[in-house]
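Structure below is run04.txt: compact mmCIF, C-alpha atoms and all ligand atoms.
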```txt
# COMPACT_ATOMS: atom_id res chain seq x y z
CA MET C 1 27.67 1.12 38.07
CA SER C 2 24.82 2.09 40.39
CA ASP C 3 22.82 -0.62 42.12
CA ASN C 4 19.15 -0.42 43.07
CA ALA C 5 17.59 -2.46 45.80
CA SER C 6 15.75 -4.90 43.52
CA PRO C 7 12.06 -5.49 44.15
CA PRO C 8 11.55 -9.04 45.45
CA VAL C 9 11.20 -11.52 42.59
CA GLN C 10 7.88 -13.30 42.80
CA ALA C 11 8.34 -17.03 43.10
CA GLY C 12 6.90 -18.55 39.94
CA ASP C 13 6.15 -22.17 39.17
CA LYS C 14 9.44 -22.51 37.34
CA PRO C 15 12.91 -21.54 38.59
CA VAL C 16 14.70 -18.63 36.97
CA LEU C 17 16.23 -19.44 33.58
CA PHE C 18 19.07 -16.89 33.62
CA GLN C 19 20.95 -15.40 36.56
CA ARG C 20 21.81 -12.06 34.98
CA LEU C 21 20.13 -10.47 31.97
CA ALA C 22 21.96 -7.51 30.43
CA LEU C 23 19.85 -5.20 28.28
CA ILE C 24 21.72 -2.77 26.05
CA GLY C 25 19.18 -0.15 24.94
CA ILE C 26 16.13 0.40 27.10
CA GLY C 27 13.39 1.79 24.86
CA LEU C 28 10.02 0.21 24.07
CA ILE C 29 11.41 -3.27 23.44
CA GLY C 30 14.16 -3.31 26.09
CA SER C 31 11.80 -2.07 28.80
CA SER C 32 9.08 -4.54 27.74
CA ILE C 33 11.62 -7.37 28.04
CA ALA C 34 12.56 -6.09 31.53
CA HIS C 35 8.88 -6.06 32.58
CA ALA C 36 8.14 -9.47 31.05
CA ALA C 37 11.29 -11.10 32.48
CA ARG C 38 10.45 -9.77 35.93
CA ALA C 39 6.72 -10.56 35.81
CA ASN C 40 7.37 -14.13 34.70
CA ASN C 41 10.31 -14.80 37.03
CA ILE C 42 12.62 -15.63 34.12
CA VAL C 43 15.78 -13.91 35.40
CA ALA C 44 17.29 -13.26 38.83
CA GLU C 45 18.88 -9.91 38.01
CA ILE C 46 18.58 -7.29 35.26
CA ALA C 47 21.46 -4.97 34.34
CA ILE C 48 20.77 -2.06 32.01
CA SER C 49 22.90 0.12 29.79
CA THR C 50 21.90 2.77 27.27
CA ARG C 51 23.52 5.58 25.33
CA SER C 52 22.27 8.67 27.17
CA ALA C 53 22.33 9.60 30.85
CA GLU C 54 18.72 10.86 30.57
CA THR C 55 17.34 7.54 29.35
CA LEU C 56 19.37 5.62 31.94
CA ALA C 57 18.03 7.87 34.73
CA GLU C 58 14.47 7.32 33.45
CA ALA C 59 14.99 3.53 33.45
CA GLU C 60 16.30 3.73 37.02
CA ARG C 61 13.37 5.93 38.09
CA LEU C 62 11.01 3.31 36.62
CA LYS C 63 12.94 0.60 38.51
CA LEU C 64 13.33 -1.45 35.35
CA GLY C 65 16.54 -3.11 36.52
CA ASP C 66 18.84 -3.88 39.43
CA ALA C 67 22.03 -2.34 38.07
CA TYR C 68 22.67 0.52 35.63
CA SER C 69 25.65 1.84 33.70
CA LEU C 70 26.37 4.00 30.68
CA ASP C 71 29.13 1.52 29.84
CA PRO C 72 27.67 -1.54 28.08
CA ALA C 73 30.88 -3.51 28.73
CA GLU C 74 30.24 -3.14 32.47
CA VAL C 75 26.69 -4.52 32.46
CA VAL C 76 27.51 -7.61 30.39
CA GLU C 77 30.12 -8.75 32.95
CA GLY C 78 28.80 -11.97 34.50
CA ALA C 79 25.63 -11.91 32.38
CA ASP C 80 24.46 -15.27 31.04
CA LEU C 81 22.00 -13.55 28.67
CA VAL C 82 22.71 -10.30 26.81
CA ILE C 83 20.07 -8.75 24.54
CA LEU C 84 20.88 -5.81 22.27
CA CYS C 85 17.79 -3.58 22.11
CA THR C 86 19.22 -0.64 20.17
CA PRO C 87 18.33 0.47 16.64
CA VAL C 88 19.69 -1.98 14.05
CA GLY C 89 22.46 0.39 12.90
CA ALA C 90 24.03 0.52 16.38
CA CYS C 91 24.39 -3.25 16.94
CA GLY C 92 27.88 -3.63 15.43
CA LYS C 93 29.33 -0.80 17.49
CA VAL C 94 27.82 -2.15 20.71
CA ALA C 95 29.05 -5.69 19.94
CA ALA C 96 32.60 -4.37 19.48
CA VAL C 97 32.46 -2.57 22.84
CA ILE C 98 31.11 -5.53 24.87
CA SER C 99 33.10 -8.26 23.12
CA LYS C 100 35.97 -8.58 25.63
CA SER C 101 33.68 -8.46 28.69
CA LEU C 102 31.28 -11.26 27.68
CA ALA C 103 31.26 -14.24 30.02
CA PRO C 104 32.20 -17.64 28.56
CA GLY C 105 29.02 -19.57 27.71
CA ALA C 106 26.87 -16.42 27.60
CA ILE C 107 24.03 -16.18 25.08
CA VAL C 108 23.96 -12.92 23.11
CA SER C 109 20.85 -12.00 21.13
CA ASP C 110 19.11 -8.93 19.74
CA VAL C 111 15.61 -7.72 18.85
CA GLY C 112 16.32 -5.87 15.59
CA SER C 113 13.72 -5.75 12.85
CA VAL C 114 16.34 -6.78 10.27
CA LYS C 115 18.36 -9.96 10.73
CA GLY C 116 20.92 -10.36 7.90
CA SER C 117 22.59 -7.04 8.63
CA VAL C 118 22.65 -7.58 12.42
CA ILE C 119 24.30 -10.99 11.99
CA LYS C 120 26.92 -9.44 9.69
CA GLN C 121 27.59 -6.62 12.18
CA VAL C 122 27.64 -8.64 15.40
CA ALA C 123 28.96 -12.15 14.63
CA PRO C 124 32.58 -11.09 13.88
CA HIS C 125 32.87 -9.61 17.39
CA MET C 126 31.66 -12.71 19.25
CA PRO C 127 34.45 -14.53 21.12
CA ASP C 128 34.73 -18.35 21.06
CA GLY C 129 32.42 -19.97 23.59
CA VAL C 130 29.81 -17.18 23.41
CA HIS C 131 26.56 -18.12 21.65
CA PHE C 132 25.17 -15.42 19.37
CA ILE C 133 21.61 -16.06 18.11
CA ALA C 134 19.82 -13.19 16.37
CA GLY C 135 16.13 -12.65 17.11
CA HIS C 136 13.15 -10.44 16.40
CA PRO C 137 10.04 -10.23 18.57
CA VAL C 138 7.35 -9.31 16.03
CA ALA C 139 5.49 -7.03 18.42
CA GLY C 140 5.54 -3.34 19.04
CA THR C 141 3.69 -0.06 19.19
CA GLU C 142 4.35 3.38 17.76
CA TYR C 143 5.62 4.57 21.16
CA SER C 144 9.26 4.61 22.19
CA GLY C 145 11.46 5.09 25.25
CA PRO C 146 11.75 3.30 28.61
CA GLY C 147 8.26 4.41 29.74
CA ALA C 148 6.56 2.82 26.73
CA GLY C 149 7.18 -0.82 27.64
CA PHE C 150 4.74 -3.24 29.25
CA ALA C 151 4.95 -6.85 30.41
CA THR C 152 2.34 -8.27 28.03
CA LEU C 153 3.73 -6.81 24.78
CA PHE C 154 4.99 -10.20 23.59
CA GLU C 155 1.99 -12.27 24.59
CA ASN C 156 0.60 -14.32 21.72
CA ARG C 157 3.03 -12.62 19.34
CA TRP C 158 5.65 -14.33 17.21
CA CYS C 159 9.31 -14.13 18.05
CA VAL C 160 11.53 -15.13 15.13
CA LEU C 161 14.96 -16.60 15.93
CA THR C 162 17.49 -16.93 13.12
CA PRO C 163 20.19 -19.43 14.16
CA THR C 164 22.90 -20.50 11.72
CA GLN C 165 24.19 -24.02 11.12
CA ASP C 166 26.89 -23.41 13.76
CA THR C 167 24.40 -22.47 16.50
CA ASP C 168 24.59 -24.56 19.66
CA PRO C 169 21.24 -26.44 20.04
CA ALA C 170 21.27 -26.14 23.85
CA ALA C 171 21.69 -22.34 23.63
CA LEU C 172 18.91 -22.14 21.04
CA ALA C 173 16.62 -24.21 23.28
CA LYS C 174 17.33 -21.91 26.24
CA LEU C 175 16.67 -18.73 24.24
CA THR C 176 13.48 -20.30 22.87
CA GLU C 177 12.36 -21.00 26.43
CA PHE C 178 13.10 -17.39 27.38
CA TRP C 179 10.73 -16.05 24.70
CA ASP C 180 8.19 -18.75 25.39
CA ARG C 181 8.08 -17.64 29.04
CA CYS C 182 7.66 -14.02 27.86
CA GLY C 183 4.45 -15.25 26.19
CA SER C 184 5.71 -15.46 22.59
CA GLN C 185 5.39 -18.19 20.04
CA VAL C 186 8.85 -18.87 18.64
CA GLU C 187 9.49 -19.44 14.94
CA ILE C 188 12.89 -20.52 13.62
CA MET C 189 13.75 -18.95 10.27
CA ASP C 190 16.64 -18.30 7.94
CA ALA C 191 17.78 -14.65 8.30
CA GLY C 192 17.38 -13.85 4.58
CA HIS C 193 13.89 -15.29 4.52
CA HIS C 194 12.97 -13.28 7.62
CA ASP C 195 14.12 -10.08 5.94
CA LEU C 196 12.08 -10.77 2.81
CA VAL C 197 8.90 -11.72 4.71
CA LEU C 198 9.16 -8.73 7.05
CA SER C 199 9.84 -6.38 4.14
CA MET C 200 6.34 -7.24 2.96
CA THR C 201 4.45 -7.49 6.24
CA SER C 202 6.08 -4.61 8.09
CA HIS C 203 8.70 -2.53 6.28
CA ILE C 204 6.73 -1.67 3.11
CA PRO C 205 3.54 -0.88 5.08
CA HIS C 206 5.57 1.55 7.19
CA LEU C 207 7.12 3.08 4.06
CA ILE C 208 3.66 3.53 2.53
CA ALA C 209 2.39 5.14 5.74
CA TYR C 210 5.36 7.52 5.92
CA ASN C 211 4.85 8.37 2.24
CA ILE C 212 1.09 8.89 2.36
CA VAL C 213 1.26 11.08 5.46
CA GLY C 214 4.16 13.03 3.96
CA THR C 215 2.32 13.54 0.67
CA ALA C 216 -0.86 14.69 2.40
CA ALA C 217 1.10 17.12 4.55
CA ASP C 218 2.80 18.54 1.47
CA LEU C 219 -0.32 18.94 -0.66
CA GLU C 220 -0.74 22.61 -1.32
CA THR C 221 -4.43 22.30 -2.25
CA VAL C 222 -5.45 20.69 1.04
CA THR C 223 -4.67 22.68 4.13
CA LYS C 224 -3.07 20.83 6.99
CA ARG C 225 -6.06 21.76 9.05
CA GLU C 226 -8.35 19.83 6.70
CA VAL C 227 -6.05 16.83 6.67
CA VAL C 228 -6.30 16.65 10.45
CA LYS C 229 -10.01 17.55 10.55
CA PHE C 230 -11.12 14.77 8.18
CA SER C 231 -8.56 12.24 9.35
CA ALA C 232 -11.16 9.69 10.48
CA ALA C 233 -11.50 8.49 6.90
CA GLY C 234 -8.56 6.07 6.78
CA PHE C 235 -5.74 8.59 6.86
CA ARG C 236 -5.70 8.54 10.66
CA ASP C 237 -4.69 4.88 10.71
CA PHE C 238 -1.68 5.67 8.53
CA THR C 239 -0.66 8.51 10.86
CA ARG C 240 -0.43 6.05 13.75
CA ILE C 241 2.10 3.93 11.87
CA ALA C 242 3.87 7.03 10.54
CA ALA C 243 4.40 8.22 14.12
CA SER C 244 6.85 5.33 14.73
CA ASP C 245 10.39 6.11 15.83
CA PRO C 246 12.34 7.83 13.01
CA THR C 247 15.77 6.47 14.01
CA MET C 248 14.56 2.90 14.24
CA TRP C 249 12.85 3.06 10.84
CA ARG C 250 15.68 4.88 9.12
CA ASP C 251 17.94 2.00 10.16
CA VAL C 252 15.42 -0.64 9.03
CA PHE C 253 15.37 0.75 5.48
CA LEU C 254 19.13 1.31 5.31
CA HIS C 255 19.83 -2.23 6.57
CA ASN C 256 17.17 -4.19 4.64
CA LYS C 257 17.77 -2.39 1.37
CA GLU C 258 17.70 -5.34 -1.07
CA ALA C 259 14.56 -7.03 0.26
CA VAL C 260 12.71 -3.72 0.60
CA LEU C 261 13.59 -2.66 -2.96
CA GLU C 262 12.56 -6.06 -4.33
CA THR C 263 9.18 -5.95 -2.54
CA LEU C 264 8.69 -2.31 -3.46
CA GLY C 265 9.16 -3.20 -7.14
CA ARG C 266 6.39 -5.75 -6.90
CA PHE C 267 4.20 -3.27 -5.02
CA SER C 268 4.71 -0.60 -7.69
CA GLU C 269 3.65 -3.05 -10.45
CA ASP C 270 0.47 -3.92 -8.56
CA LEU C 271 -0.22 -0.22 -7.96
CA SER C 272 0.11 0.44 -11.71
CA ALA C 273 -2.41 -2.35 -12.38
CA LEU C 274 -4.84 -0.68 -9.97
CA GLN C 275 -4.26 2.67 -11.66
CA ARG C 276 -5.09 1.07 -15.02
CA ALA C 277 -8.25 -0.58 -13.60
CA ILE C 278 -9.47 2.77 -12.32
CA ARG C 279 -8.60 4.56 -15.59
CA TRP C 280 -10.46 1.97 -17.72
CA GLY C 281 -13.38 1.59 -15.34
CA ASP C 282 -12.57 -2.08 -14.66
CA GLY C 283 -14.88 -2.48 -11.63
CA ASP C 284 -14.51 -6.27 -11.62
CA ALA C 285 -10.75 -6.05 -11.12
CA LEU C 286 -11.22 -3.62 -8.23
CA TYR C 287 -14.01 -5.70 -6.66
CA ASP C 288 -11.98 -8.94 -6.93
CA LEU C 289 -8.94 -7.39 -5.24
CA PHE C 290 -10.95 -5.75 -2.45
CA SER C 291 -12.72 -9.07 -1.75
CA ARG C 292 -9.40 -10.95 -1.54
CA THR C 293 -7.91 -8.38 0.83
CA ARG C 294 -10.94 -8.49 3.10
CA GLU C 295 -10.41 -12.24 3.41
CA ILE C 296 -6.80 -11.70 4.50
CA ARG C 297 -7.94 -9.48 7.39
CA ARG C 298 -10.44 -12.18 8.41
CA ARG C 299 -7.59 -14.71 8.54
CA ILE C 300 -5.40 -12.41 10.67
CA ILE C 301 -8.25 -11.99 13.15
CA ALA C 302 -8.96 -15.75 13.14
CA GLU C 303 -5.31 -16.39 14.04
CA GLY C 304 -5.60 -14.03 17.04
CA GLN C 305 -3.15 -11.44 15.65
CA GLU C 306 -5.73 -8.61 15.55
CA THR C 307 -8.96 -7.63 17.24
CA ALA C 308 -12.27 -8.00 15.40
CA MET C 309 -13.64 -4.95 17.26
CA PRO C 310 -14.70 -2.02 15.08
CA ASN C 311 -12.17 0.76 14.69
CA PHE C 312 -9.30 -1.53 15.85
CA GLY C 313 -10.84 -1.68 19.33
CA ARG C 314 -10.25 2.00 20.00
CA ASP C 315 -12.51 3.72 22.48
CA GLU C 316 -15.37 5.93 21.19
CA GLY C 317 -13.33 9.12 21.15
CA GLY C 318 -10.50 7.28 19.43
CA LEU C 319 -8.00 9.41 21.31
CA ALA C 320 -6.69 7.21 24.08
CA PRO C 321 -3.59 5.15 23.39
CA THR C 322 -4.50 1.50 22.94
CA ASP C 323 -2.42 -1.62 23.29
CA GLU C 324 -2.96 -2.43 19.65
CA ASP C 325 0.37 -3.22 18.15
CA THR C 326 1.93 -2.37 14.87
CA GLY C 327 2.84 -6.02 14.49
CA GLU C 328 6.30 -4.75 13.86
P1 LIG D 1 13.42 2.95 21.26
O1 LIG D 1 12.23 2.90 22.14
O2 LIG D 1 13.67 4.15 20.42
O3 LIG D 1 14.74 2.67 22.15
C1 LIG D 1 16.01 2.58 21.59
C2 LIG D 1 17.06 2.39 22.69
O4 LIG D 1 18.32 2.21 22.04
C3 LIG D 1 17.21 3.57 23.61
O5 LIG D 1 17.51 3.10 24.89
C4 LIG D 1 18.38 4.32 23.01
O6 LIG D 1 19.17 4.99 23.96
C5 LIG D 1 19.25 3.18 22.54
N1 LIG D 1 20.15 3.63 21.46
C6 LIG D 1 19.82 4.36 20.36
N2 LIG D 1 20.90 4.55 19.60
C7 LIG D 1 21.93 3.97 20.23
C8 LIG D 1 23.30 3.85 19.95
N3 LIG D 1 23.83 4.38 18.83
N4 LIG D 1 24.07 3.17 20.83
C9 LIG D 1 23.55 2.64 21.95
N5 LIG D 1 22.24 2.72 22.28
C10 LIG D 1 21.45 3.38 21.43
O7 LIG D 1 13.45 1.72 20.24
P2 LIG D 1 12.65 0.34 20.28
O8 LIG D 1 11.32 0.53 19.67
O9 LIG D 1 12.78 -0.28 21.62
O10 LIG D 1 13.51 -0.49 19.19
C11 LIG D 1 14.70 -1.13 19.56
C12 LIG D 1 14.98 -2.25 18.57
O11 LIG D 1 13.84 -3.12 18.53
C13 LIG D 1 15.19 -1.77 17.12
O12 LIG D 1 16.28 -2.49 16.57
C14 LIG D 1 13.93 -2.17 16.40
O13 LIG D 1 14.18 -2.52 15.05
C15 LIG D 1 13.45 -3.37 17.21
N6 LIG D 1 11.99 -3.57 17.24
C16 LIG D 1 11.16 -2.51 17.42
C17 LIG D 1 9.79 -2.72 17.45
C18 LIG D 1 8.82 -1.55 17.61
O14 LIG D 1 7.65 -1.67 17.24
N7 LIG D 1 9.25 -0.43 18.13
C19 LIG D 1 9.28 -4.01 17.36
C20 LIG D 1 10.16 -5.08 17.24
C21 LIG D 1 11.53 -4.86 17.18
P3 LIG D 1 19.11 6.53 24.31
O15 LIG D 1 17.65 6.89 24.52
O16 LIG D 1 19.89 6.53 25.56
O17 LIG D 1 19.72 7.28 23.19
```

Please render this file's structure as structure tokens.
Amino acid sequence: MSDNASPPVQAGDKPVLFQRLALIGIGLIGSSIAHAARANNIVAEIAISTRSAETLAEAERLKLGDAYSLDPAEVVEGADLVILCTPVGACGKVAAVISKSLAPGAIVSDVGSVKGSVIKQVAPHMPDGVHFIAGHPVAGTEYSGPGAGFATLFENRWCVLTPTQDTDPAALAKLTEFWDRCGSQVEIMDAGHHDLVLSMTSHIPHLIAYNIVGTAADLETVTKREVVKFSAAGFRDFTRIAASDPTMWRDVFLHNKEAVLETLGRFSEDLSALQRAIRWGDGDALYDLFSRTREIRRRIIAEGQETAMPNFGRDEGGLAPTDEDTGE
């Protein structure tokens, strides 16, 4: 393991909550946790592991941690908080590798967008005396990698924790405080319920975006040049979502299969109803739906989960990356 001289931790109002945070996976979410934990003086030391030497070197260059290793078992040694920040499909493998090196009393969590599958993959590998509590910060962008993270990603965003009936209340309280100090509002939820809710609010919208952008790209009658040229008219917003990390989203759909298929069934029925309304010239049905949906956006803005600025708060040219999140 290589050690970096750690930048001095700013003294905050509160003492550090954890002595050693181990992050396994250091992409958008892992690096944002590193920034937030550092900026808010939540941990004394950050140890980082990831799959590839390139990503690890990039994390070290960005000074995201204090210690680095390609071996996840090495970085969890002595850690009192371990957070898995890999794609959902990799969590079981990582849990098996770190299992024997986890410190007694350590809290292990994750950030995966699907909870039932992660619990099934990870829980069997957790030794007695280690507290595993699955979690999902509902915040993100379409960017990935260690350079994409920033300290304020979780501010005013929900973080869902999915304890089971065996979860230790003191460990849950400590993990809740961790996310609270990262700026999140914490919601406790059953894992199955999380997966159903997120299938509707996040997974299906991503599937629709991937599909619509794929269909447009495949259309023989519209040249790709025209698709790009006229993209201001709604399509462009779908391309932002459809630019999200392919590995992460492949795993989301493979690991939240039942809930996604159930929600997709409902979506298809509603789409057929819209198709019928258009075919039969039922303007009232269209107008009623479009009025209801407009109201939902107003509520999201009122709850502070989206900006009311025109064009999602993008600058005039609409080209610069913004900090708008995919609410993933
Ligand atoms: P990311 O930027 O693509 O980073 C993924 C990290 O995981 C990289 O460090 C990658 O390492 C590592 N990794 C990939 N496959 C691995 C494997 N098989 N074994 C070990 N490490 C592996 O992804 P992200 O956006 O941070 O997403 C990470 C997790 O957060 C996912 O589970 C996702 O569902 C969840 N999440 C994402 C968002 C979002 O909007 N992006 C929001 C909330 C939650 P290498 O580069 O070294 O291969």

Go ahead and fit an axis-aligned box to every listed atom of ligand LIG 1 (chain D) plus 5 Å each side, and pass me the centre and edge lengths in Å, one decimal, as JSON.
```
{"center_x": 15.9, "center_y": 1.1, "center_z": 20.3, "size_x": 26.4, "size_y": 22.4, "size_z": 20.5}
```

- Message: Let me make sure I understand: among C:Ser99, C:Ser144, C:Ser184, C:Gln121, which one has the smallest atom-to-atom distance to Gly30 of chain C if we use all atoms listed in the file?
- Response: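 For Gly30 of chain C, the nearest of the given residues is C:Ser144.
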
- Residues within 8 Å of ligand LIG 1 (chain D), counting all atoms listed in the file: report them as number ranges by chain. C: 24-31, 49-56, 84-91, 93-94, 110-114, 136-146, 148, 244-245, 247-249, 251-252, 325-328

- Note on the structure: The residue from C:Phe253, C:Tyr210, C:Phe290, C:Phe154 with the smallest atom-to-atom distance to Leu198 of chain C, counting all atoms listed in the file, is C:Phe253

- Task: Fewer than 3 positions away in the same chain doesn't count, so skip those; otherwise give me all residues within 9 Å of segment 237-243 of chain C, counting only C-alpha atoms, as a VMD selection string.
- Result: chain C and resid 141 to 143 205 to 214 231 to 234 246 326

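Minimum distance to Ser32 of chain C across C:Ala123, C:Gly149, C:Lys63, C:Ser109 (counting all atoms listed in the file) occurs at C:Gly149.
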
- Message: Residues within 8 Å of segment 33-48 of chain C, please, as a VMD selection string. Count only C-alpha atoms; anything in the same chain fewer than 2 positions from it doesn't count.
- Response: chain C and resid 9 to 12 14 to 26 29 to 31 50 56 64 to 69 72 75 to 76 149 to 152 178 181 to 182

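The interatomic distance for the pair atom CA of Ala59 of chain C and atom CA of Gly135 of chain C works out to 23.0 Å.
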
- Of the candidates C:Thr162, C:Leu175, C:Pro124, C:Ala134, which shows the shortest atom-to-atom distance to Leu81 of chain C, using all atoms listed in the file? C:Leu175

- As a check of understanding: the span from atom CA of Asp218 of chain C to atom CA of Ile204 of chain C is 20.7 Å

- Item | atom CA of Gly92 of chain C to atom CA of Val118 of chain C, distance in Å rounded to a single decimal |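 Between these atoms lies a distance of 7.2 Å.
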
- Which residues, written as a count of residues only, have at least one atom at most 8 Å from Gly105 of chain C, with only C-alpha atoms counted and residues fewer than 5 positions away on the same chain left out? 4

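Residue nearest Lys174 of chain C within the list C:Gly304, C:Ala216, C:Ile107, C:Leu254: C:Ile107 [criterion: smallest interatomic distance, all atoms listed in the file].
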
- Item | Using all atoms listed in the file: which of C:Glu269, C:Gly78, C:Thr307, C:Val186 has the shortest distance to Ala103 of chain C |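 Residue with the minimum atom-to-atom distance to Ala103 of chain C: C:Gly78.
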